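Undergrad: One structure coming up, written as structure tokens, with questions to follow.
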Amino acid sequence: MSCSGGFLLQLTQRCKKHPKQMMQIHSLIVTNGHLLHYPNAPLSDQWMPTLLYNALISAYHTHKHKVLLFTYMLANQAPPNSHTFSPLLKSSPLPLGTTFHSQTLKRGLLSDPFILTSLLALYARNQLLPHAHRVFEEFPMVCIVACNAMLNAFSINGHMEAAVAFFERMPQKDVYSWTTVVNGFALNGNFGASIRFFGKMMSHGDVVRGLVKPNEATCASVLSSCANLDGRVALDCGKQVHGYVLMNEAKLGVNVGTSLINLYGKMGRLSNAEKVFRQMVVRKVCTWNAMISSLACHGREKEALDMFEKMKLHGLKPSSITLVAVLTACARGNFVREGLELFRSMWQDFGIEPIMKHYGCVVDLLGRAGHVEEAAEIIRNMPFKPDASVLGAFLGACRIHGAIELGEEIGKKMLKLQRQHCGQYVLLSSMNAEKERWDHAADLRREIMEAGIHEIPAYSMVDLT
DNA sequence: TTAGGGTTAG
């Protein structure tokens, strides 16, 4: 099929989200010879190969494809311009990113604000805050996007005080600026501050006057902060955000919907979570993960497994997190055979390599069901060293099923891993006390005192709402 | 020269 370069360029832009069509367009571009450099082509067409390469680099999703296209671009003498490097830098790991940095310098493109912003983000996400700041100072004219990228650089590197100070000094703030700080507090584990900052945003003049409006990213971030806190206030705040979304958005976005399911699920409001799930028009794997996990954690293990089957029927590929949720359901619902089968076939069936969390689930699964020796066998044969969560699950099982020797063997390993954590000492000590091994119990209690560890008093909370 | 940068779930 014969197509003009301009037409194919437009087509590339439009089909960015459709990988299959993208490959077909790519073939058309190649077979029409538009990627070849013709020195005698009319002046208006001289840039066409560069434009097409740029469009393809930006449209392909994998970093490998992007870099490969860039090498072809150089080989075919299509000169990269200021549009070429942003999408490359966006997906680059640090070493390659620094190579592109020198390329832009060599080609005289380093004053381009788009390239500078991508470089700033590159250094920021690789924990090189001073480099990021240096790039920020290179901007010929500071714009709001550059400021937001710098704001995010402070946030993702754990400098929230600097971020807020920077935010206050910004002459102008848009929804990205506000969202970056709301999200920054959450990233740094300060969920209360994240929610308070969102509150500050909502009462700010710009929002009241409608000049700035929270978007899906803002709502998803603050909802995630709510889900990370316990209690009525966090739930109420989440409900208010939910109300705001219902009043202001035509439909529930994937990320906001997933955050809501996660929030309601964590708070035990399963009917609300299910309602949100049903209302969502587009559901991604993470949406199903949130729903499966909510059911698994609130005594509806069978339904969690049914949901997993439904998800597969919808043609979605389970992720590593899906498997954690499903294995949790198996452990809590005492579905030992199903859980073990899933664990053993997850690589073969879904290409998912078991990580620490999966081992934790399967040890919990076996341990709860009283198969303590099999659980110990799993731990012994793990391809990496078990962490405190895996050992903790095992120790809990040993205590319930009175497997004191096995418990001691693993428990000692654990003390080395988490010396500062009192829970494990107490658990080991109680195991010995329960078996009336008072000398062992007393020894451990002494160790607790000597290590200067304070037992954190346990508390229970009843939510009467 | 028709395009490119900053915030989102577990």
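Labels for the structure tokens follow display order: chains A, B, ..., residues from 1 in each chain, ligands from 1.
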Contacts between chain A and chain B, please, where a residue of chain B counts if it comes within 6 Å (with only C-alpha atoms (C1' of nucleotides)); show its shortest atom pair and distance in Å to one decimal, rows by chain and ascending number, as a tab-separated table.

TA:
```
residue	atom	partner	partner_atom	distance
B:DG4	C1'	A:His83	CA	4.8
B:DG5	C1'	A:Phe114	CA	4.2
B:DG6	C1'	A:Ala149	CA	4.7
B:DT7	C1'	A:Tyr176	CA	4.9
B:DT8	C1'	A:Ala217	CA	3.9
B:DA9	C1'	A:Asn255	CA	5.1
```

Undergrad: DSSP on the backbone: what in region 7-173 of chain A comes out helix (DSSP H, G or I), as an MDAnalysis selection string?

TA: chainID A and resid 7:14 19:31 43:45 48:59 63:75 85:91 94:106 113:125 129:137 144:156 160:169

Undergrad: With only C-alpha atoms as the basis for distance, which of A:Leu252, A:Ala304, A:Phe394, A:Phe154 is at the shortest distance from Phe167 (chain A)?

TA: A:Phe154

Undergrad: Would you work out the distance separating CA of Pro386 (chain A) from CA of Cys398 (chain A), expressed in Å to one decimal?

TA: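 So the two atoms, CA of Pro386 (chain A) and CA of Cys398 (chain A), lie 16.1 Å apart.
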
Undergrad: Please determine, counting only C-alpha atoms (C1' of nucleotides), which residue among A:Ala153, A:Ile29, A:His314, A:Ala59 has the shortest atom-to-atom distance to DA3 (chain B).

TA: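 Smallest distance to DA3 (chain B) is found for A:Ala59.
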
Undergrad: Find, counting only C-alpha atoms (C1' of nucleotides), the residue in A:Leu323, A:Met141, A:Cys226, A:Leu35 that gets nearest to DG10 (chain B).

TA: A:Leu323

Undergrad: Could you jot down the CA of Leu263 (chain A) to CA of Met311 (chain A) separation for me, Å, one decimal place?

TA: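 Going from CA of Leu263 (chain A) over to CA of Met311 (chain A) covers 20.5 Å.
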